[in-house]
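Enquirer: Dropping in my_file.cif, which is mmCIF, C-alpha atoms and all ligand atoms:
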data_structure
loop_
_atom_site.group_PDB
_atom_site.id
_atom_site.type_symbol
_atom_site.label_atom_id
_atom_site.label_comp_id
_atom_site.auth_asym_id
_atom_site.auth_seq_id
_atom_site.Cartn_x
_atom_site.Cartn_y
_atom_site.Cartn_z
ATOM 1 C CA MET P 7 0.000 0.000 0.000
ATOM 2 C CA SER P 8 1.420 3.353 -0.963
ATOM 3 C CA LEU P 9 0.882 6.995 -1.728
ATOM 4 C CA GLN P 10 2.269 7.509 -5.179
ATOM 5 C CA THR P 11 2.709 10.501 -7.450
ATOM 6 C CA GLU P 12 3.883 10.338 -11.035
ATOM 7 C CA GLY P 13 4.940 13.174 -13.305
ATOM 8 C CA ILE P 14 3.382 15.943 -11.214
ATOM 9 C CA VAL P 15 3.562 19.342 -12.871
ATOM 10 C CA VAL P 16 2.225 22.520 -11.232
ATOM 11 C CA ARG P 17 2.588 25.872 -12.959
ATOM 12 C CA PHE P 18 1.775 29.320 -11.610
ATOM 13 C CA GLY P 19 1.752 31.564 -14.656
ATOM 14 C CA GLY P 20 5.265 31.346 -16.053
ATOM 15 C CA VAL P 21 6.719 29.604 -12.991
ATOM 16 C CA THR P 22 6.878 25.811 -12.995
ATOM 17 C CA ALA P 23 6.747 25.254 -9.245
ATOM 18 C CA VAL P 24 6.740 21.440 -9.506
ATOM 19 C CA ASP P 25 8.303 19.961 -12.606
ATOM 20 C CA ASN P 26 7.645 16.288 -13.309
ATOM 21 C CA ILE P 27 7.985 14.864 -9.810
ATOM 22 C CA ALA P 28 7.416 11.221 -8.941
ATOM 23 C CA LEU P 29 7.348 10.155 -5.332
ATOM 24 C CA THR P 30 6.342 6.981 -3.508
ATOM 25 C CA VAL P 31 5.590 6.651 0.188
ATOM 26 C CA GLU P 32 4.899 3.113 1.353
ATOM 27 C CA ARG P 33 2.914 2.562 4.533
ATOM 28 C CA GLY P 34 5.316 2.513 7.458
ATOM 29 C CA GLN P 35 7.988 4.479 5.608
ATOM 30 C CA ILE P 36 9.327 7.945 6.366
ATOM 31 C CA ILE P 37 10.068 9.736 3.131
ATOM 32 C CA SER P 38 11.510 13.215 3.222
ATOM 33 C CA VAL P 39 11.484 16.012 0.686
ATOM 34 C CA ILE P 40 14.070 18.717 1.219
ATOM 35 C CA GLY P 41 15.254 21.650 -0.846
ATOM 36 C CA PRO P 42 15.906 25.383 -0.666
ATOM 37 C CA ASN P 43 13.075 27.865 -0.180
ATOM 38 C CA GLY P 44 10.931 28.096 -3.274
ATOM 39 C CA SER P 45 11.964 24.662 -4.576
ATOM 40 C CA GLY P 46 8.348 23.458 -4.727
ATOM 41 C CA LYS P 47 8.030 21.389 -1.549
ATOM 42 C CA SER P 48 4.812 22.955 -0.280
ATOM 43 C CA THR P 49 3.358 23.071 -3.778
ATOM 44 C CA LEU P 50 3.974 19.333 -4.133
ATOM 45 C CA PHE P 51 2.070 18.843 -0.844
ATOM 46 C CA ASN P 52 -0.732 21.033 -2.130
ATOM 47 C CA ALA P 53 -0.890 19.008 -5.332
ATOM 48 C CA ILE P 54 -1.097 15.756 -3.384
ATOM 49 C CA THR P 55 -3.823 17.049 -1.060
ATOM 50 C CA GLY P 56 -5.783 18.724 -3.861
ATOM 51 C CA LEU P 57 -5.268 22.337 -2.801
ATOM 52 C CA VAL P 58 -3.710 23.351 -6.112
ATOM 53 C CA PRO P 59 -4.592 21.984 -9.540
ATOM 54 C CA THR P 60 -1.941 20.012 -11.386
ATOM 55 C CA GLN P 61 -1.206 20.536 -15.062
ATOM 56 C CA GLN P 62 0.036 16.972 -15.433
ATOM 57 C CA GLY P 63 0.549 13.837 -13.425
ATOM 58 C CA THR P 64 -1.291 11.421 -11.185
ATOM 59 C CA VAL P 65 -1.745 10.899 -7.457
ATOM 60 C CA LYS P 66 -2.719 7.445 -6.250
ATOM 61 C CA ILE P 67 -3.576 6.252 -2.754
ATOM 62 C CA ASP P 68 -3.371 2.504 -2.251
ATOM 63 C CA GLY P 69 -3.834 2.035 -5.969
ATOM 64 C CA THR P 70 -6.830 4.374 -6.360
ATOM 65 C CA ASP P 71 -6.323 7.353 -8.654
ATOM 66 C CA ILE P 72 -7.357 10.470 -6.717
ATOM 67 C CA SER P 73 -5.810 12.976 -9.150
ATOM 68 C CA THR P 74 -9.111 14.743 -9.767
ATOM 69 C CA ALA P 75 -10.711 14.154 -6.358
ATOM 70 C CA GLY P 76 -11.539 17.064 -4.048
ATOM 71 C CA THR P 77 -9.699 17.674 -0.792
ATOM 72 C CA THR P 78 -12.409 16.031 1.339
ATOM 73 C CA ALA P 79 -12.348 12.861 -0.736
ATOM 74 C CA ARG P 80 -8.572 12.747 -0.339
ATOM 75 C CA VAL P 81 -8.902 13.051 3.435
ATOM 76 C CA ARG P 82 -11.391 10.190 3.364
ATOM 77 C CA ALA P 83 -8.972 8.179 1.273
ATOM 78 C CA GLY P 84 -6.466 8.502 4.109
ATOM 79 C CA LEU P 85 -4.458 11.725 3.778
ATOM 80 C CA ALA P 86 -3.796 14.084 6.678
ATOM 81 C CA ARG P 87 -1.493 17.073 6.603
ATOM 82 C CA THR P 88 -0.116 19.970 8.543
ATOM 83 C CA PHE P 89 0.596 23.367 7.051
ATOM 84 C CA GLN P 90 3.908 25.205 6.943
ATOM 85 C CA THR P 91 2.078 28.151 8.475
ATOM 86 C CA PRO P 92 -0.355 26.632 10.981
ATOM 87 C CA ARG P 93 -4.002 27.508 10.398
ATOM 88 C CA PHE P 94 -5.821 27.512 13.690
ATOM 89 C CA ASP P 95 -8.531 29.193 15.681
ATOM 90 C CA PRO P 96 -6.824 30.871 18.682
ATOM 91 C CA GLN P 97 -10.071 30.624 20.677
ATOM 92 C CA ILE P 98 -10.328 26.837 20.827
ATOM 93 C CA THR P 99 -8.645 24.576 23.350
ATOM 94 C CA VAL P 100 -5.970 22.005 22.605
ATOM 95 C CA ARG P 101 -8.535 19.307 23.395
ATOM 96 C CA THR P 102 -11.054 20.670 20.903
ATOM 97 C CA ALA P 103 -8.440 21.131 18.190
ATOM 98 C CA ILE P 104 -7.192 17.562 18.446
ATOM 99 C CA THR P 105 -10.613 15.987 18.916
ATOM 100 C CA CYS P 106 -11.798 17.756 15.742
ATOM 101 C CA GLY P 107 -9.179 15.762 13.876
ATOM 102 C CA PHE P 108 -10.613 12.546 15.216
ATOM 103 C CA TYR P 109 -14.173 13.358 14.238
ATOM 104 C CA SER P 110 -13.227 14.724 10.827
ATOM 105 C CA THR P 111 -12.643 11.279 9.399
ATOM 106 C CA MET P 112 -14.757 9.256 11.747
ATOM 107 C CA ASN P 113 -17.824 11.106 10.513
ATOM 108 C CA ALA P 114 -16.733 10.661 6.939
ATOM 109 C CA ARG P 115 -16.084 6.957 7.265
ATOM 110 C CA LEU P 116 -19.169 6.238 9.304
ATOM 111 C CA LEU P 117 -21.510 8.448 7.335
ATOM 112 C CA PRO P 118 -24.077 5.758 6.445
ATOM 113 C CA SER P 119 -24.446 4.684 10.068
ATOM 114 C CA MET P 120 -24.318 8.301 11.210
ATOM 115 C CA LEU P 121 -27.409 8.982 9.142
ATOM 116 C CA ARG P 122 -29.273 6.420 11.203
ATOM 117 C CA ALA P 123 -27.872 7.409 14.583
ATOM 118 C CA PRO P 124 -26.024 10.510 15.661
ATOM 119 C CA THR P 125 -22.681 10.145 17.410
ATOM 120 C CA THR P 126 -22.973 7.259 19.821
ATOM 121 C CA GLN P 127 -21.500 7.104 23.288
ATOM 122 C CA ARG P 128 -19.208 4.389 22.010
ATOM 123 C CA ASP P 129 -17.792 6.728 19.350
ATOM 124 C CA GLU P 130 -17.274 9.389 21.990
ATOM 125 C CA ALA P 131 -15.506 6.926 24.266
ATOM 126 C CA ARG P 132 -13.263 5.864 21.386
ATOM 127 C CA ALA P 133 -12.467 9.486 20.571
ATOM 128 C CA GLU P 134 -11.670 10.209 24.205
ATOM 129 C CA ALA P 135 -9.388 7.181 24.512
ATOM 130 C CA ALA P 136 -7.587 8.077 21.289
ATOM 131 C CA TYR P 137 -7.228 11.660 22.471
ATOM 132 C CA GLU P 138 -5.671 10.650 25.789
ATOM 133 C CA ARG P 139 -3.238 8.314 24.058
ATOM 134 C CA ILE P 140 -2.078 10.970 21.590
ATOM 135 C CA VAL P 141 -1.639 13.838 24.067
ATOM 136 C CA GLU P 142 0.125 11.591 26.516
ATOM 137 C CA SER P 143 2.599 10.324 23.961
ATOM 138 C CA MET P 144 3.290 13.892 22.801
ATOM 139 C CA GLY P 145 3.549 15.423 26.266
ATOM 140 C CA LEU P 146 0.526 17.674 25.697
ATOM 141 C CA THR P 147 -1.758 16.328 28.439
ATOM 142 C CA ASP P 148 -1.333 19.305 30.759
ATOM 143 C CA LEU P 149 -2.244 21.695 27.946
ATOM 144 C CA SER P 150 -5.642 20.115 27.222
ATOM 145 C CA ASP P 151 -7.652 23.110 28.420
ATOM 146 C CA THR P 152 -5.277 25.781 27.125
ATOM 147 C CA LEU P 153 -6.418 27.972 24.245
ATOM 148 C CA LEU P 154 -4.323 27.655 21.093
ATOM 149 C CA GLY P 155 -3.903 31.419 21.080
ATOM 150 C CA GLU P 156 -2.027 31.185 24.386
ATOM 151 C CA LEU P 157 0.535 28.658 23.164
ATOM 152 C CA PRO P 158 3.980 29.405 21.755
ATOM 153 C CA MET P 159 4.273 28.512 18.066
ATOM 154 C CA GLY P 160 6.303 25.351 18.719
ATOM 155 C CA GLN P 161 3.474 23.873 20.744
ATOM 156 C CA VAL P 162 0.876 24.978 18.208
ATOM 157 C CA ARG P 163 2.820 22.991 15.622
ATOM 158 C CA LEU P 164 2.830 19.911 17.851
ATOM 159 C CA VAL P 165 -0.927 20.280 18.357
ATOM 160 C CA GLU P 166 -1.330 20.449 14.578
ATOM 161 C CA VAL P 167 0.582 17.210 14.234
ATOM 162 C CA ALA P 168 -1.592 15.675 16.969
ATOM 163 C CA ARG P 169 -4.751 16.790 15.171
ATOM 164 C CA ALA P 170 -3.540 15.215 11.927
ATOM 165 C CA ILE P 171 -2.724 11.970 13.743
ATOM 166 C CA ALA P 172 -6.136 11.985 15.408
ATOM 167 C CA SER P 173 -7.763 11.609 12.005
ATOM 168 C CA GLN P 174 -6.095 8.177 11.826
ATOM 169 C CA PRO P 175 -4.616 8.680 8.386
ATOM 170 C CA GLY P 176 -2.927 6.139 6.176
ATOM 171 C CA TYR P 177 -0.490 8.865 5.172
ATOM 172 C CA LEU P 178 0.688 11.797 7.242
ATOM 173 C CA LEU P 179 2.098 14.809 5.394
ATOM 174 C CA LEU P 180 4.094 17.239 7.523
ATOM 175 C CA ASP P 181 5.197 20.557 6.010
ATOM 176 C CA GLU P 182 8.241 21.852 7.919
ATOM 177 C CA PRO P 183 6.904 20.675 11.289
ATOM 178 C CA ALA P 184 10.182 21.437 13.082
ATOM 179 C CA ALA P 185 10.268 25.150 12.209
ATOM 180 C CA GLY P 186 10.504 27.147 15.435
ATOM 181 C CA LEU P 187 10.539 24.067 17.679
ATOM 182 C CA SER P 188 12.821 23.933 20.719
ATOM 183 C CA ALA P 189 15.293 21.045 21.013
ATOM 184 C CA ALA P 190 12.908 19.295 23.424
ATOM 185 C CA GLU P 191 9.956 19.776 21.068
ATOM 186 C CA GLN P 192 12.013 18.464 18.144
ATOM 187 C CA LYS P 193 12.673 15.306 20.156
ATOM 188 C CA ILE P 194 8.952 14.831 20.733
ATOM 189 C CA LEU P 195 8.312 15.419 17.040
ATOM 190 C CA SER P 196 10.959 12.888 15.992
ATOM 191 C CA LYS P 197 9.597 10.273 18.376
ATOM 192 C CA THR P 198 6.053 10.908 17.162
ATOM 193 C CA ILE P 199 7.087 10.511 13.530
ATOM 194 C CA ARG P 200 8.849 7.229 14.333
ATOM 195 C CA ASP P 201 5.837 6.000 16.308
ATOM 196 C CA MET P 202 3.529 6.755 13.375
ATOM 197 C CA ALA P 203 5.738 4.842 10.951
ATOM 198 C CA ALA P 204 5.803 1.956 13.434
ATOM 199 C CA GLU P 205 1.988 2.021 13.356
ATOM 200 C CA ASN P 206 2.192 1.520 9.588
ATOM 201 C CA ILE P 207 1.406 5.106 8.619
ATOM 202 C CA GLY P 208 3.348 6.428 5.636
ATOM 203 C CA VAL P 209 4.999 9.722 6.575
ATOM 204 C CA LEU P 210 5.947 12.384 4.046
ATOM 205 C CA LEU P 211 8.184 14.872 5.777
ATOM 206 C CA VAL P 212 9.009 18.181 4.136
ATOM 207 C CA GLU P 213 11.791 19.859 6.029
ATOM 208 C CA HIS P 214 14.287 22.597 5.647
ATOM 209 C CA ASN P 215 16.297 21.143 8.536
ATOM 210 C CA PHE P 216 18.451 18.321 7.142
ATOM 211 C CA GLU P 217 19.752 17.432 10.607
ATOM 212 C CA LEU P 218 16.254 16.338 11.650
ATOM 213 C CA VAL P 219 15.677 14.469 8.395
ATOM 214 C CA LYS P 220 18.988 12.612 8.595
ATOM 215 C CA ASN P 221 17.970 10.490 11.556
ATOM 216 C CA LEU P 222 14.407 9.831 10.441
ATOM 217 C CA ALA P 223 14.049 9.377 6.719
ATOM 218 C CA ASP P 224 14.233 6.049 4.916
ATOM 219 C CA ASN P 225 14.714 7.972 1.705
ATOM 220 C CA VAL P 226 15.263 11.615 0.804
ATOM 221 C CA THR P 227 14.182 13.469 -2.312
ATOM 222 C CA VAL P 228 15.890 16.789 -2.980
ATOM 223 C CA LEU P 229 14.089 19.384 -5.061
ATOM 224 C CA ASN P 230 15.614 22.442 -6.662
ATOM 225 C CA ARG P 231 13.527 24.940 -8.628
ATOM 226 C CA GLY P 232 10.731 22.397 -8.848
ATOM 227 C CA GLN P 233 12.925 19.683 -10.297
ATOM 228 C CA LEU P 234 14.384 16.491 -8.875
ATOM 229 C CA LEU P 235 17.977 17.211 -7.918
ATOM 230 C CA ALA P 236 18.824 13.987 -6.107
ATOM 231 C CA ARG P 237 17.298 10.995 -4.372
ATOM 232 C CA GLY P 238 18.778 8.494 -1.949
ATOM 233 C CA THR P 239 19.415 7.616 1.663
ATOM 234 C CA SER P 240 20.330 10.521 3.935
ATOM 235 C CA SER P 241 23.996 9.546 3.901
ATOM 236 C CA GLU P 242 23.981 9.390 0.097
ATOM 237 C CA ILE P 243 22.273 12.785 0.004
ATOM 238 C CA ALA P 244 24.713 14.296 2.517
ATOM 239 C CA GLN P 245 27.577 13.397 0.168
ATOM 240 C CA HIS P 246 25.876 14.200 -3.122
ATOM 241 C CA PRO P 247 27.950 16.861 -4.946
ATOM 242 C CA ASP P 248 24.932 18.634 -6.504
ATOM 243 C CA VAL P 249 23.131 18.743 -3.152
ATOM 244 C CA ILE P 250 26.194 20.079 -1.351
ATOM 245 C CA ASN P 251 26.583 22.635 -4.084
ATOM 246 C CA VAL P 252 23.060 24.086 -4.178
ATOM 247 C CA TYR P 253 21.814 23.351 -0.702
ATOM 248 C CA LEU P 254 23.761 21.793 2.116
ATOM 249 C CA GLY P 255 26.950 23.674 1.254
ATOM 250 C CA GLY P 256 25.064 26.952 1.345
ATOM 251 C CA GLU P 257 23.572 26.063 4.707
ATOM 252 C CA ALA P 258 26.942 25.083 6.124
ATOM 253 C CA ASN P 259 28.389 28.358 4.878
ATOM 254 C CA ALA P 260 25.539 30.274 6.452
ATOM 255 C CA ALA P 261 25.950 28.471 9.772
HETATM 256 P P1 LIG L 301 8.923 25.616 -0.898
HETATM 257 O O1 LIG L 301 7.805 25.065 -0.105
HETATM 258 O O2 LIG L 301 9.910 24.600 -1.359
HETATM 259 O O3 LIG L 301 9.599 26.754 -0.209
HETATM 260 P P2 LIG L 301 6.815 26.544 -2.659
HETATM 261 O O4 LIG L 301 6.148 25.303 -3.119
HETATM 262 O O5 LIG L 301 6.155 27.321 -1.602
HETATM 263 O O6 LIG L 301 8.319 26.217 -2.255
HETATM 264 O O7 LIG L 301 7.024 27.506 -3.891
HETATM 265 C C1 LIG L 301 7.549 27.072 -5.147
HETATM 266 C C2 LIG L 301 7.414 28.167 -6.161
HETATM 267 O O8 LIG L 301 6.048 28.364 -6.502
HETATM 268 C C3 LIG L 301 7.933 29.542 -5.688
HETATM 269 O O9 LIG L 301 8.492 30.187 -6.783
HETATM 270 C C4 LIG L 301 6.667 30.222 -5.224
HETATM 271 O O10 LIG L 301 6.793 31.618 -5.329
HETATM 272 C C5 LIG L 301 5.643 29.687 -6.218
HETATM 273 N N1 LIG L 301 4.276 29.615 -5.662
HETATM 274 C C6 LIG L 301 3.885 28.829 -4.635
HETATM 275 N N2 LIG L 301 2.565 28.963 -4.397
HETATM 276 C C7 LIG L 301 2.109 29.857 -5.315
HETATM 277 C C8 LIG L 301 0.824 30.420 -5.611
HETATM 278 N N3 LIG L 301 -0.269 30.055 -4.909
HETATM 279 N N4 LIG L 301 0.741 31.305 -6.616
HETATM 280 C C9 LIG L 301 1.828 31.655 -7.337
HETATM 281 N N5 LIG L 301 3.059 31.160 -7.124
HETATM 282 C C10 LIG L 301 3.212 30.277 -6.130
HETATM 283 MG MG MG L 302 7.225 25.456 1.798
#
Here is a file; write its structure as structure tokens.
Ligand code: ADP
Ligand code: MG

Expert:
Amino acid sequence: MSLQTEGIVVRFGGVTAVDNIALTVERGQIISVIGPNGSGKSTLFNAITGLVPTQQGTVKIDGTDISTAGTTARVRAGLARTFQTPRFDPQITVRTAITCGFYSTMNARLLPSMLRAPTTQRDEARAEAAYERIVESMGLTDLSDTLLGELPMGQVRLVEVARAIASQPGYLLLDEPAAGLSAAEQKILSKTIRDMAAENIGVLLVEHNFELVKNLADNVTVLNRGQLLARGTSSEIAQHPDVINVYLGGEANAA
């Protein structure tokens, strides 16, 4: 079972933001996409989740072509994502934010039975149990009643990841989840990503931070100006001359 893109092309006017990109994420794998700013990472995510139209290419989930499906249908098919810039309501609590994730797909999957009976106590108990498990494993339990607007950005990002996990996806797409996270929060994030892969979720990790990717990813795809620059294990990528030249070298120089 896999999430698979082939030949994805996304153009914005004269800019080809994603230029013929193929990518496969098997269930249980952690696949990373890295690249400089503007290399098309977020646009590739948006193409996979249906937020931007593609000019060419296909997206398949577990063998089903979802290239023309709407975003909701893609969520139902098993995709969950976080955004590079978190989108959240500052007035809701951590508990509400994460529980929303759980109900978002439960309702979708159980729609026929939901038409007969509104949310049952059993569903609520399941949601509650899942909630407790997620917040405990991510160290968010004590924040349950805190409003999102009162949290530092690092914790908002972790809550976003928790919400995505709560929807019990087959594939979890994280767009620069480590941006602005403290060292302790990055540890929680790394552990969470590993746990998800161990639970047979396919993880697609877009990151700017190669250090984080190095220890997590089974395979790394490097984009540059929308095109595939390199692909391989993190150690292959770390030594790849083109990658060092356009990306890692620049970062090392900047550091
Ligand atoms: P990354 O996530 O790797 O930083 P993006 O996917 O955000 O890169 O951007 C890739 C290219 O596409 C950039 O040149 C960016 O300006 C352009 N782009 C992204 N989204 C849009 C949009 N909605 N409209 C026009 N251009 C866009
Ligand atoms: Mg981006």

Enquirer: For a quick check of your reading of the model, name the residues lying within 7 Å of the coordinate (-6.6, 33.3, 24.4), counting all atoms listed in the file, and write them as number ranges by chain.

Expert: P: 96-97, 153-156

Enquirer: Written as a list in words, which residues does the PyMOL selection byres (((not hetatm)) within 7 of (chain L and resi 302)) give for the file shown?

Expert: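 This file, filtered by the PyMOL selection byres (((not hetatm)) within 7 of (chain L and resi 302)), leaves Asn43, Gly44, Gly46, Lys47, Ser48, Gln90 and Asp181 of chain P.
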
Enquirer: Counting only C-alpha atoms and all ligand atoms, what are the residues of chain P within 10 Å of ligand LIG 301 (chain L), and for each of them which pair of atoms is the nearest and at what distance in Å, to one decimal? Sort the table by chain and rising number, as JSON lines.

Expert:
{"residue": "P:Val16", "atom": "CA", "partner": "L:LIG301", "partner_atom": "O8", "distance": 8.4}
{"residue": "P:Arg17", "atom": "CA", "partner": "L:LIG301", "partner_atom": "O8", "distance": 7.7}
{"residue": "P:Phe18", "atom": "CA", "partner": "L:LIG301", "partner_atom": "C9", "distance": 4.9}
{"residue": "P:Gly19", "atom": "CA", "partner": "L:LIG301", "partner_atom": "C9", "distance": 7.3}
{"residue": "P:Gly20", "atom": "CA", "partner": "L:LIG301", "partner_atom": "N5", "distance": 9.2}
{"residue": "P:Val21", "atom": "CA", "partner": "L:LIG301", "partner_atom": "O9", "distance": 6.5}
{"residue": "P:Thr22", "atom": "CA", "partner": "L:LIG301", "partner_atom": "O8", "distance": 7.0}
{"residue": "P:Ala23", "atom": "CA", "partner": "L:LIG301", "partner_atom": "O8", "distance": 4.2}
{"residue": "P:Val24", "atom": "CA", "partner": "L:LIG301", "partner_atom": "C1", "distance": 7.2}
{"residue": "P:Val39", "atom": "CA", "partner": "L:LIG301", "partner_atom": "O2", "distance": 9.0}
{"residue": "P:Ile40", "atom": "CA", "partner": "L:LIG301", "partner_atom": "O2", "distance": 7.7}
{"residue": "P:Gly41", "atom": "CA", "partner": "L:LIG301", "partner_atom": "O2", "distance": 6.1}
{"residue": "P:Pro42", "atom": "CA", "partner": "L:LIG301", "partner_atom": "O2", "distance": 6.1}
{"residue": "P:Asn43", "atom": "CA", "partner": "L:LIG301", "partner_atom": "O3", "distance": 3.6}
{"residue": "P:Gly44", "atom": "CA", "partner": "L:LIG301", "partner_atom": "O6", "distance": 3.4}
{"residue": "P:Ser45", "atom": "CA", "partner": "L:LIG301", "partner_atom": "O2", "distance": 3.8}
{"residue": "P:Gly46", "atom": "CA", "partner": "L:LIG301", "partner_atom": "O4", "distance": 3.3}
{"residue": "P:Lys47", "atom": "CA", "partner": "L:LIG301", "partner_atom": "O2", "distance": 3.7}
{"residue": "P:Ser48", "atom": "CA", "partner": "L:LIG301", "partner_atom": "O1", "distance": 3.7}
{"residue": "P:Thr49", "atom": "CA", "partner": "L:LIG301", "partner_atom": "O4", "distance": 3.6}
{"residue": "P:Leu50", "atom": "CA", "partner": "L:LIG301", "partner_atom": "O4", "distance": 6.4}
{"residue": "P:Phe51", "atom": "CA", "partner": "L:LIG301", "partner_atom": "O4", "distance": 8.0}
{"residue": "P:Asn52", "atom": "CA", "partner": "L:LIG301", "partner_atom": "O4", "distance": 8.2}
{"residue": "P:Ala53", "atom": "CA", "partner": "L:LIG301", "partner_atom": "O4", "distance": 9.7}
{"residue": "P:Leu57", "atom": "CA", "partner": "L:LIG301", "partner_atom": "N3", "distance": 9.4}
{"residue": "P:Val58", "atom": "CA", "partner": "L:LIG301", "partner_atom": "N3", "distance": 7.6}
{"residue": "P:Gln90", "atom": "CA", "partner": "L:LIG301", "partner_atom": "O1", "distance": 8.1}
{"residue": "P:Asp181", "atom": "CA", "partner": "L:LIG301", "partner_atom": "O1", "distance": 8.0}
{"residue": "P:Glu182", "atom": "CA", "partner": "L:LIG301", "partner_atom": "O1", "distance": 8.7}
{"residue": "P:Val212", "atom": "CA", "partner": "L:LIG301", "partner_atom": "O1", "distance": 8.2}
{"residue": "P:Glu213", "atom": "CA", "partner": "L:LIG301", "partner_atom": "O2", "distance": 9.0}
{"residue": "P:His214", "atom": "CA", "partner": "L:LIG301", "partner_atom": "O2", "distance": 8.5}
{"residue": "P:Val228", "atom": "CA", "partner": "L:LIG301", "partner_atom": "O2", "distance": 10.0}
{"residue": "P:Leu229", "atom": "CA", "partner": "L:LIG301", "partner_atom": "O2", "distance": 7.6}
{"residue": "P:Asn230", "atom": "CA", "partner": "L:LIG301", "partner_atom": "O2", "distance": 8.1}
{"residue": "P:Arg231", "atom": "CA", "partner": "L:LIG301", "partner_atom": "C1", "distance": 7.2}
{"residue": "P:Gly232", "atom": "CA", "partner": "L:LIG301", "partner_atom": "C1", "distance": 6.8}

Enquirer: Might you pull out every residue within 8 Å of Tyr177 (chain P), with only C-alpha atoms counted and same-chain residues fewer than 5 positions away left off, and present them as a PDB file with C-alpha atoms, in the coordinates of the input?

Expert:
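That gives us selection04.pdb:
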ATOM      1  CA  LEU P   9       0.882   6.995  -1.728  1.00  0.00           C
ATOM      2  CA  ARG P  33       2.914   2.562   4.533  1.00  0.00           C
ATOM      3  CA  GLY P  84      -6.466   8.502   4.109  1.00  0.00           C
ATOM      4  CA  LEU P  85      -4.458  11.725   3.778  1.00  0.00           C
ATOM      5  CA  ALA P  86      -3.796  14.084   6.678  1.00  0.00           C
ATOM      6  CA  ILE P 207       1.406   5.106   8.619  1.00  0.00           C
ATOM      7  CA  GLY P 208       3.348   6.428   5.636  1.00  0.00           C
ATOM      8  CA  VAL P 209       4.999   9.722   6.575  1.00  0.00           C
ATOM      9  CA  LEU P 210       5.947  12.384   4.046  1.00  0.00           C
TER      10      LEU P 210
END

Enquirer: Give the answer as one residue: which of P:Ile54, P:Ala204, P:Ile104, P:Leu187 has the shortest atom-to-atom distance to Ala83 (chain P), using only C-alpha atoms?

Expert: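 Of P:Ile54, P:Ala204, P:Ile104, P:Leu187, the one nearest Ala83 (chain P) is P:Ile54, counting only C-alpha atoms.
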
Enquirer: Could you tell me which residues the PyMOL selection byres (((chain P and resi 223) around 10) and not hetatm) grabs in this file, written as number ranges by chain?

Expert: P: 35-39, 199-200, 209-211, 216, 218-222, 224-227, 238-240

Enquirer: Have a look at CA of Thr64 (chain P) and CA of Thr30 (chain P) and let me know their distance in Å, one decimal.

Expert: 11.7 Å
